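As stored in my_file32.txt (compact mmCIF, C-alpha atoms and all ligand atoms):
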# COMPACT_ATOMS: atom_id res chain seq x y z
CA MET V 1 25.05 -4.55 -72.51
CA VAL V 2 21.66 -2.88 -71.81
CA ILE V 3 21.05 -0.02 -69.38
CA ARG V 4 19.71 -2.30 -66.62
CA GLU V 5 22.86 -4.45 -66.70
CA ALA V 6 25.14 -1.42 -66.78
CA LEU V 7 23.36 0.09 -63.77
CA LYS V 8 23.78 -3.16 -61.84
CA TYR V 9 27.48 -3.19 -62.70
CA GLY V 10 27.88 0.48 -61.61
CA ILE V 11 26.10 -0.05 -58.30
CA GLU V 12 28.33 -3.04 -57.53
CA GLN V 13 31.49 -1.06 -58.30
CA LEU V 14 30.35 1.82 -56.07
CA GLY V 15 29.72 -0.34 -53.00
CA GLY V 16 32.13 1.85 -51.01
CA VAL V 17 30.42 5.21 -51.61
CA GLN V 18 27.51 6.71 -49.71
CA THR V 19 24.89 6.79 -52.50
CA PRO V 20 25.82 4.13 -55.09
CA VAL V 21 22.38 3.91 -56.74
CA LEU V 22 21.91 7.66 -57.16
CA ASP V 23 25.48 8.21 -58.38
CA THR V 24 25.23 5.38 -60.92
CA GLN V 25 21.91 6.71 -62.22
CA LEU V 26 23.35 10.23 -62.56
CA PHE V 27 26.29 8.91 -64.61
CA MET V 28 23.96 6.90 -66.85
CA CYS V 29 21.66 9.91 -67.39
CA HIS V 30 24.73 11.96 -68.29
CA VAL V 31 26.12 9.43 -70.78
CA MET V 32 22.75 8.63 -72.38
CA LYS V 33 21.62 12.29 -72.29
CA MET V 34 18.31 11.41 -70.68
CA ASP V 35 16.47 12.46 -67.54
CA LYS V 36 15.82 10.11 -64.62
CA LEU V 37 12.26 9.33 -65.66
CA LYS V 38 13.36 8.27 -69.15
CA LEU V 39 16.17 6.22 -67.59
CA LEU V 40 13.74 4.30 -65.40
CA ILE V 41 11.67 3.16 -68.41
CA SER V 42 14.64 2.44 -70.67
CA GLY V 43 16.17 -0.56 -68.88
CA ASP V 44 16.25 -2.66 -72.06
CA MET V 45 17.96 -0.02 -74.22
CA PRO V 46 21.43 -1.17 -75.36
CA LEU V 47 24.54 1.00 -74.86
CA ASN V 48 26.83 1.34 -77.86
CA SER V 49 30.56 0.81 -77.27
CA ARG V 50 31.29 4.56 -76.85
CA GLU V 51 28.51 4.94 -74.27
CA LYS V 52 29.60 1.84 -72.40
CA GLU V 53 33.22 3.03 -72.25
CA ALA V 54 32.20 6.54 -71.12
CA PHE V 55 29.92 5.14 -68.39
CA ILE V 56 32.59 2.79 -67.05
CA LYS V 57 35.10 5.66 -66.91
CA LEU V 58 32.73 7.78 -64.81
CA VAL V 59 32.04 4.91 -62.44
CA MET V 60 35.78 4.24 -62.01
CA ARG V 61 36.52 7.88 -61.20
CA ARG V 62 33.78 7.80 -58.57
CA ALA V 63 35.08 4.50 -57.15
CA GLU V 64 38.44 6.26 -56.64
CA GLY V 65 36.76 8.87 -54.42
CA GLU V 66 36.27 11.75 -56.86
CA PRO V 67 33.12 13.72 -55.98
CA VAL V 68 30.18 13.41 -58.40
CA ALA V 69 30.07 17.18 -59.02
CA TYR V 70 33.70 17.23 -60.24
CA ILE V 71 33.08 14.18 -62.45
CA LEU V 72 29.99 15.72 -64.08
CA GLY V 73 31.46 19.25 -64.03
CA GLU V 74 28.33 20.78 -62.54
CA CYS V 75 25.95 20.77 -59.61
CA GLU V 76 22.77 22.38 -58.35
CA PHE V 77 22.54 25.11 -55.70
CA MET V 78 19.43 27.14 -54.80
CA SER V 79 17.71 25.32 -57.73
CA LEU V 80 20.22 26.86 -60.18
CA ASP V 81 22.90 25.05 -62.20
CA PHE V 82 26.58 25.81 -61.61
CA TYR V 83 29.76 24.69 -63.38
CA VAL V 84 32.33 23.30 -60.97
CA THR V 85 35.97 22.40 -61.48
CA LYS V 86 38.66 21.27 -59.06
CA ALA V 87 39.53 24.96 -58.57
CA VAL V 88 36.34 25.57 -56.59
CA LEU V 89 34.59 24.23 -53.52
CA ILE V 90 31.51 22.22 -54.46
CA PRO V 91 28.52 24.35 -53.34
CA ARG V 92 26.96 22.81 -50.23
CA PRO V 93 23.26 22.67 -49.30
CA ASP V 94 24.30 24.18 -45.91
CA THR V 95 25.31 27.36 -47.70
CA GLU V 96 21.70 27.83 -48.86
CA THR V 97 20.96 28.78 -45.22
CA LEU V 98 23.31 31.76 -45.61
CA VAL V 99 21.85 32.79 -48.99
CA GLU V 100 18.28 32.57 -47.68
CA ALA V 101 19.16 34.57 -44.55
CA VAL V 102 20.63 37.36 -46.70
CA LEU V 103 17.68 37.34 -49.13
CA GLU V 104 15.25 37.65 -46.19
CA ARG V 105 17.08 40.58 -44.56
CA PHE V 106 18.62 42.54 -47.42
CA PRO V 107 16.04 43.95 -49.88
CA LYS V 108 18.24 46.09 -52.14
CA GLY V 109 21.66 47.63 -52.58
CA LYS V 110 25.31 46.74 -53.11
CA LEU V 111 26.69 43.49 -51.76
CA LEU V 112 30.31 42.40 -51.43
CA GLU V 113 31.17 38.72 -51.15
CA ILE V 114 34.55 37.44 -49.98
CA GLY V 115 35.70 34.07 -51.32
CA SER V 116 33.70 33.56 -54.54
CA GLY V 117 34.52 29.91 -55.29
CA SER V 118 31.96 28.87 -57.92
CA GLY V 119 30.13 32.18 -57.39
CA CYS V 120 27.12 30.33 -56.00
CA ILE V 121 26.36 32.88 -53.24
CA PRO V 122 26.27 36.20 -55.15
CA ILE V 123 24.85 34.59 -58.31
CA SER V 124 21.92 33.10 -56.37
CA ILE V 125 21.32 36.37 -54.55
CA ALA V 126 21.42 38.36 -57.81
CA HIS V 127 19.12 35.81 -59.47
CA TYR V 128 16.47 35.89 -56.73
CA ASN V 129 16.58 39.65 -56.08
CA LYS V 130 16.99 41.94 -59.08
CA ASN V 131 17.52 44.95 -56.77
CA ILE V 132 20.85 43.67 -55.52
CA SER V 133 24.17 44.05 -57.34
CA CYS V 134 27.11 41.99 -56.21
CA MET V 135 30.89 42.26 -56.30
CA SER V 136 32.88 39.21 -55.28
CA MET V 137 36.58 38.47 -54.81
CA ASP V 138 38.64 35.31 -54.65
CA ILE V 139 42.39 34.90 -54.34
CA SER V 140 42.26 32.09 -56.94
CA ALA V 141 42.20 33.24 -60.57
CA ASP V 142 40.94 29.80 -61.61
CA ALA V 143 37.99 30.14 -59.23
CA THR V 144 37.24 33.62 -60.59
CA ALA V 145 37.08 32.21 -64.13
CA VAL V 146 34.57 29.54 -63.05
CA ALA V 147 32.44 32.13 -61.21
CA ILE V 148 32.35 34.43 -64.26
CA GLY V 149 31.18 31.47 -66.39
CA ASN V 150 28.46 30.75 -63.84
CA ALA V 151 27.24 34.36 -63.78
CA GLN V 152 26.85 34.15 -67.57
CA ARG V 153 25.20 30.75 -67.37
CA ASN V 154 22.61 32.11 -64.95
CA GLY V 155 22.02 35.38 -66.79
CA VAL V 156 23.25 37.72 -64.01
CA ALA V 157 26.67 38.79 -65.33
CA ASP V 158 25.54 42.44 -65.27
CA ARG V 159 24.83 42.28 -61.50
CA ALA V 160 27.33 39.67 -60.24
CA GLN V 161 30.92 40.65 -60.92
CA PHE V 162 34.08 38.83 -59.92
CA ILE V 163 37.68 39.87 -59.40
CA THR V 164 40.81 38.00 -58.41
CA ALA V 165 42.09 39.58 -55.19
CA SER V 166 42.76 38.81 -51.54
CA VAL V 167 40.24 39.88 -48.87
CA PHE V 168 39.35 43.59 -49.35
CA ASP V 169 42.36 44.28 -51.63
CA GLY V 170 41.45 46.94 -54.19
CA ILE V 171 38.01 47.47 -52.64
CA ASP V 172 37.46 51.14 -51.96
CA GLY V 173 33.68 51.41 -52.37
CA ILE V 174 31.18 51.20 -49.52
CA TYR V 175 28.73 48.28 -49.50
CA ASP V 176 25.34 47.75 -47.86
CA CYS V 177 26.03 44.09 -47.15
CA ILE V 178 29.13 41.92 -46.83
CA VAL V 179 28.78 38.16 -46.98
CA SER V 180 31.31 35.37 -46.74
CA ASN V 181 31.63 31.63 -46.46
CA PRO V 182 35.36 31.74 -45.73
CA PRO V 183 37.72 28.82 -45.22
CA TYR V 184 36.95 27.78 -41.62
CA ILE V 185 38.49 24.37 -40.92
CA GLU V 186 41.27 24.28 -38.32
CA SER V 187 44.63 23.71 -40.07
CA ASP V 188 45.45 20.50 -38.23
CA VAL V 189 41.98 19.06 -38.93
CA VAL V 190 42.29 19.58 -42.72
CA PRO V 191 44.47 16.47 -43.36
CA THR V 192 41.98 14.31 -41.43
CA LEU V 193 38.96 15.22 -43.62
CA GLN V 194 37.20 12.59 -45.76
CA THR V 195 39.02 11.61 -48.99
CA GLU V 196 36.30 13.29 -51.04
CA VAL V 197 36.66 16.64 -49.25
CA LEU V 198 40.43 16.45 -49.67
CA LYS V 199 39.90 16.52 -53.46
CA GLU V 200 38.69 20.12 -52.97
CA PRO V 201 41.14 23.07 -52.87
CA VAL V 202 42.93 23.44 -49.50
CA LEU V 203 42.68 27.21 -50.10
CA ALA V 204 38.93 26.86 -49.68
CA LEU V 205 39.18 24.89 -46.42
CA ASP V 206 42.04 26.03 -44.21
CA GLY V 207 41.02 28.74 -41.76
CA GLY V 208 44.25 28.79 -39.71
CA ASP V 209 45.11 27.30 -36.30
CA ASP V 210 41.69 27.81 -34.71
CA GLY V 211 39.73 28.09 -38.00
CA LEU V 212 38.88 31.72 -37.28
CA ASP V 213 41.61 33.65 -39.17
CA PHE V 214 39.26 34.90 -41.92
CA TYR V 215 36.51 35.90 -39.47
CA ARG V 216 38.96 37.96 -37.41
CA TYR V 217 40.34 39.73 -40.47
CA ILE V 218 36.98 40.35 -42.15
CA ILE V 219 35.27 41.53 -38.92
CA SER V 220 38.03 43.99 -38.09
CA ASN V 221 38.10 45.45 -41.62
CA ALA V 222 34.41 45.26 -42.53
CA PRO V 223 33.31 48.49 -40.76
CA SER V 224 35.38 50.62 -43.16
CA HIS V 225 33.70 48.96 -46.19
CA LEU V 226 30.13 48.85 -44.84
CA THR V 227 27.40 51.48 -44.54
CA LYS V 228 26.20 52.22 -40.99
CA GLY V 229 23.53 49.63 -40.25
CA GLY V 230 24.91 47.44 -43.06
CA LEU V 231 24.58 43.66 -42.79
CA LEU V 232 27.58 41.35 -42.24
CA ALA V 233 26.67 37.67 -42.71
CA PHE V 234 28.91 34.61 -42.43
CA GLU V 235 28.63 30.90 -42.88
CA ILE V 236 30.35 29.23 -39.91
CA GLY V 237 31.40 25.77 -38.76
CA TYR V 238 28.89 24.07 -36.41
CA ASN V 239 31.00 24.87 -33.31
CA GLN V 240 32.03 28.44 -34.16
CA GLY V 241 28.78 30.38 -33.53
CA GLN V 242 29.60 31.78 -30.11
CA ARG V 243 33.22 32.62 -30.93
CA VAL V 244 32.32 34.44 -34.18
CA SER V 245 29.49 36.33 -32.40
CA ASP V 246 31.98 37.39 -29.71
CA LEU V 247 34.37 38.67 -32.39
CA MET V 248 31.52 40.77 -33.85
CA LYS V 249 30.12 42.32 -30.71
CA ASP V 250 32.30 45.47 -30.53
CA ASP V 251 31.29 46.82 -33.95
CA PHE V 252 28.05 44.99 -34.74
CA GLU V 253 24.62 44.79 -33.09
CA ARG V 254 21.49 42.61 -33.32
CA ILE V 255 23.79 39.60 -33.77
CA GLU V 256 22.02 36.32 -34.57
CA ILE V 257 23.18 32.73 -34.84
CA LEU V 258 21.03 30.73 -37.30
CA LYS V 259 20.79 26.97 -37.66
CA ASP V 260 20.86 24.87 -40.84
CA LEU V 261 18.32 22.18 -41.74
CA ALA V 262 20.24 19.65 -39.66
CA GLY V 263 19.77 21.89 -36.59
CA LEU V 264 23.46 22.90 -36.44
CA ASP V 265 24.70 26.47 -36.02
CA ARG V 266 25.51 27.57 -39.58
CA VAL V 267 25.21 31.36 -39.95
CA VAL V 268 26.20 34.35 -37.83
CA LEU V 269 25.04 37.80 -38.87
CA GLY V 270 24.80 41.30 -37.45
CA TYR V 271 24.45 44.96 -38.40
CA ALA V 272 27.19 47.62 -38.31
CA LYS V 273 26.71 49.89 -35.29
CA GLY V 274 25.69 53.43 -36.20
C1 LIG J 1 34.81 27.90 -48.32
S1 LIG J 1 35.16 28.50 -49.94
C2 LIG J 1 33.62 29.25 -50.36
C3 LIG J 1 33.35 29.27 -51.83
C4 LIG J 1 31.90 29.71 -52.20
N1 LIG J 1 31.65 31.06 -51.75
C5 LIG J 1 30.88 28.75 -51.61
O1 LIG J 1 30.22 29.12 -50.63
O2 LIG J 1 30.75 27.62 -52.13
C6 LIG J 1 36.24 29.87 -49.59
C7 LIG J 1 36.82 30.59 -50.80
O3 LIG J 1 37.71 31.61 -50.30
C8 LIG J 1 38.80 31.70 -51.20
N2 LIG J 1 39.94 32.32 -50.49
C9 LIG J 1 40.90 31.73 -49.71
N3 LIG J 1 41.76 32.65 -49.27
C10 LIG J 1 41.35 33.85 -49.74
C11 LIG J 1 41.84 35.17 -49.63
N4 LIG J 1 42.92 35.45 -48.91
N5 LIG J 1 41.17 36.16 -50.26
C12 LIG J 1 40.06 35.89 -51.01
N6 LIG J 1 39.55 34.64 -51.16
C13 LIG J 1 40.18 33.64 -50.52
C14 LIG J 1 39.06 30.29 -51.65
O4 LIG J 1 39.79 30.27 -52.86
C15 LIG J 1 37.65 29.73 -51.75
O5 LIG J 1 37.15 29.88 -53.06
Is it possible to give me this structure as structure tokens?
Ligand SMILES: C[S@@+](CC[C@H](N)C(=O)[O-])C[C@H]1O[C@@H](n2cnc3c(N)ncnc32)[C@H](O)[C@@H]1O
Amino acid sequence: MVIREALKYGIEQLGGVQTPVLDTQLFMCHVMKMDKLKLLISGDMPLNSREKEAFIKLVMRRAEGEPVAYILGECEFMSLDFYVTKAVLIPRPDTETLVEAVLERFPKGKLLEIGSGSGCIPISIAHYNKNISCMSMDISADATAVAIGNAQRNGVADRAQFITASVFDGIDGIYDCIVSNPPYIESDVVPTLQTEVLKEPVLALDGGDDGLDFYRYIISNAPSHLTKGGLLAFEIGYNQGQRVSDLMKDDFERIEILKDLAGLDRVVLGYAKG
């Protein structure tokens, strides 16, 4: 079997997924250890039996609904490469809106992130601004291990540190910025999510009955961990902007709701009142 035939086979098998051509090409690049350009000019190259078997296995996993990032064990975020395992949420392009908002507004200092997952938020911030040092916490020890690996992979382990702890536990320092993309899906919506999303950890998704449990807890405790005038920035669900802003208005000022590239509310941020 040559590459062209294998690609055709893969695309046919992946008829039920959103991007069969792209996914099949990514698997082939992975198995043949080549980039997309090389792949496109190598249609007549034969696969040996090990390559063919490996390719078919990847395609089958995808056909069963496993996300591409889990199959390949990595994905891209903010133009950086991150390891991902089933212990962590797959970094979403939407979350780049939060990272960019923080990078634009927070020039230097100490940042605390709540809910590390892969570590994509503090690692990107530390990578793009050398004047920021980040501490991040996640209740999942498996997620913490992935995030530590990612900080090393991206050369920021000295400025992006990770601990396993629940929200604010063991945090006694004062930070200049607190950022979080917490679990924000309503509990009874979680079981109705797409099969692919349900392969991700429920711990990363479930935000309680109205999806706002983490916002309430973080907003009420943030003032004692934040400098006066410090920035609090959240990723939110598309329909949570007004409710999260309302939760912030007693202790925070200059509150903004920012939209993502799809034009949906995606970030709420504000500054601790002096
Ligand atoms: C929506 S994910 C965000 C992951 C990552 N920051 C990102 O943006 O891709 C939320 C994260 O919060 C973590 N988490 C859930 N409950 C927590 C808690 N009580 N304390 C700390 N982290 C928690 C989950 O394990 C998960 O990694």
Contact check, chain V to ligand LIG 1 (chain J), at most 7 Å, counting all atoms listed in the file, closest pairs as a Markdown table:
| residue | atom | partner | partner_atom | distance |
| --- | --- | --- | --- | --- |
| V:Val88 | CA | J:LIG1 | O5 | 5.6 |
| V:Leu89 | CA | J:LIG1 | O2 | 5.3 |
| V:Ile90 | CA | J:LIG1 | O2 | 5.9 |
| V:Pro91 | CA | J:LIG1 | O2 | 4.1 |
| V:Arg92 | CA | J:LIG1 | O2 | 6.4 |
| V:Thr95 | CA | J:LIG1 | O1 | 6.0 |
| V:Ile114 | CA | J:LIG1 | C12 | 5.8 |
| V:Gly115 | CA | J:LIG1 | O3 | 3.3 |
| V:Ser116 | CA | J:LIG1 | N1 | 4.3 |
| V:Gly117 | CA | J:LIG1 | O5 | 3.4 |
| V:Ser118 | CA | J:LIG1 | C4 | 5.8 |
| V:Gly119 | CA | J:LIG1 | N1 | 5.9 |
| V:Cys120 | CA | J:LIG1 | O2 | 6.0 |
| V:Ile121 | CA | J:LIG1 | N1 | 5.8 |
| V:Met137 | CA | J:LIG1 | C12 | 5.8 |
| V:Asp138 | CA | J:LIG1 | N6 | 3.7 |
| V:Ile139 | CA | J:LIG1 | C12 | 4.2 |
| V:Ser140 | CA | J:LIG1 | O4 | 5.1 |
| V:Ala143 | CA | J:LIG1 | O5 | 6.2 |
| V:Ala165 | CA | J:LIG1 | C12 | 5.9 |
| V:Ser166 | CA | J:LIG1 | N5 | 3.3 |
| V:Val167 | CA | J:LIG1 | N5 | 4.1 |
| V:Ser180 | CA | J:LIG1 | N1 | 6.6 |
| V:Asn181 | CA | J:LIG1 | C2 | 5.0 |
| V:Pro182 | CA | J:LIG1 | C6 | 4.4 |
| V:Pro183 | CA | J:LIG1 | C1 | 4.4 |
| V:Leu203 | CA | J:LIG1 | C9 | 4.9 |
| V:Ala204 | CA | J:LIG1 | C15 | 3.8 |
| V:Leu205 | CA | J:LIG1 | C1 | 5.6 |
Residue among V:Val21, V:Leu232, V:Ile255, V:Val99 lying closest to Asn129 in chain V, counting only C-alpha atoms: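 For Asn129 in chain V, the nearest of the candidates is V:Val99.
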Sel. within 7 Å of pt (23.7, 3.2, -55.1), counting all atoms listed in the file, output as a ChimeraX atom specification: /V:11,14,19-24
Interatomic distance, CA of Gln18 in chain V to CA of Leu47 in chain V (Å, one decimal): 26.0 Å
Distance query Ala222 in chain V at most 8 Å, all atoms listed in the file, self and fewer than 3 positions along chain excluded, as a list of chain:residue names: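 So, after excluding close chain neighbours, the residues are V:Ile178, V:Ile218, V:Ile219, V:His225, V:Leu226, V:Leu232.
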Shell of 9 Å around Ala151 in chain V, all atoms listed in the file, local chain residues under 3 positions omitted, as a PyMOL selection string: chain V and resi 82+119-120+122-123+146-148+154-161
Proximity to Ser245 in chain V - best of V:Ala145, V:Leu269, V:Leu258, V:Leu231, all atoms listed in the file: V:Leu269
Residues near Leu264 in chain V, cut-off 12 Å, all atoms listed in the file, skip fewer than 2 positions along chain, as a ChimeraX atom specification: /V:94,97,235-241,257-262,266-268
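Distances to Lys38 in chain V were evaluated for V:Arg105, V:Met60, V:Lys52, V:Ile3 using all atoms listed in the file, and the minimum falls at V:Ile3.
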d(CA of Lys199 in chain V, CA of Tyr70 in chain V) in Å: 9.2 Å
Counting only C-alpha atoms, the residue of V:Arg4, V:Asp246, V:Pro67, V:Val59 that sits nearest Glu196 in chain V: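 Closest residue, counting only C-alpha atoms: V:Pro67.
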Point-to-point distance from CA of Val31 in chain V to CA of Lys57 in chain V, Å rounded to tenths: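 About the pair CA of Val31 in chain V and CA of Lys57 in chain V: they are 10.5 Å apart.
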Residue with smallest distance to Phe77 in chain V - pool V:Ser224, V:Asp142, V:Glu53, V:Asn150, counting only C-alpha atoms: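 Among V:Ser224, V:Asp142, V:Glu53, V:Asn150, it is V:Asn150 that comes nearest to Phe77 in chain V.
Proximity to Tyr215 in chain V was assessed for V:Pro46, V:Asp35, V:Ile185, V:Ala87 counting all atoms listed in the file; the smallest distance is recorded for V:Ile185.
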Point (23.7, 45.8, -57.9) neighbourhood (7 Å, all atoms listed in the file) written as a list in words: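 Final list of nearby residues, as requested, is Gly109, Lys110, Asn131, Ile132, Ser133, Cys134 and Arg159 of chain V.
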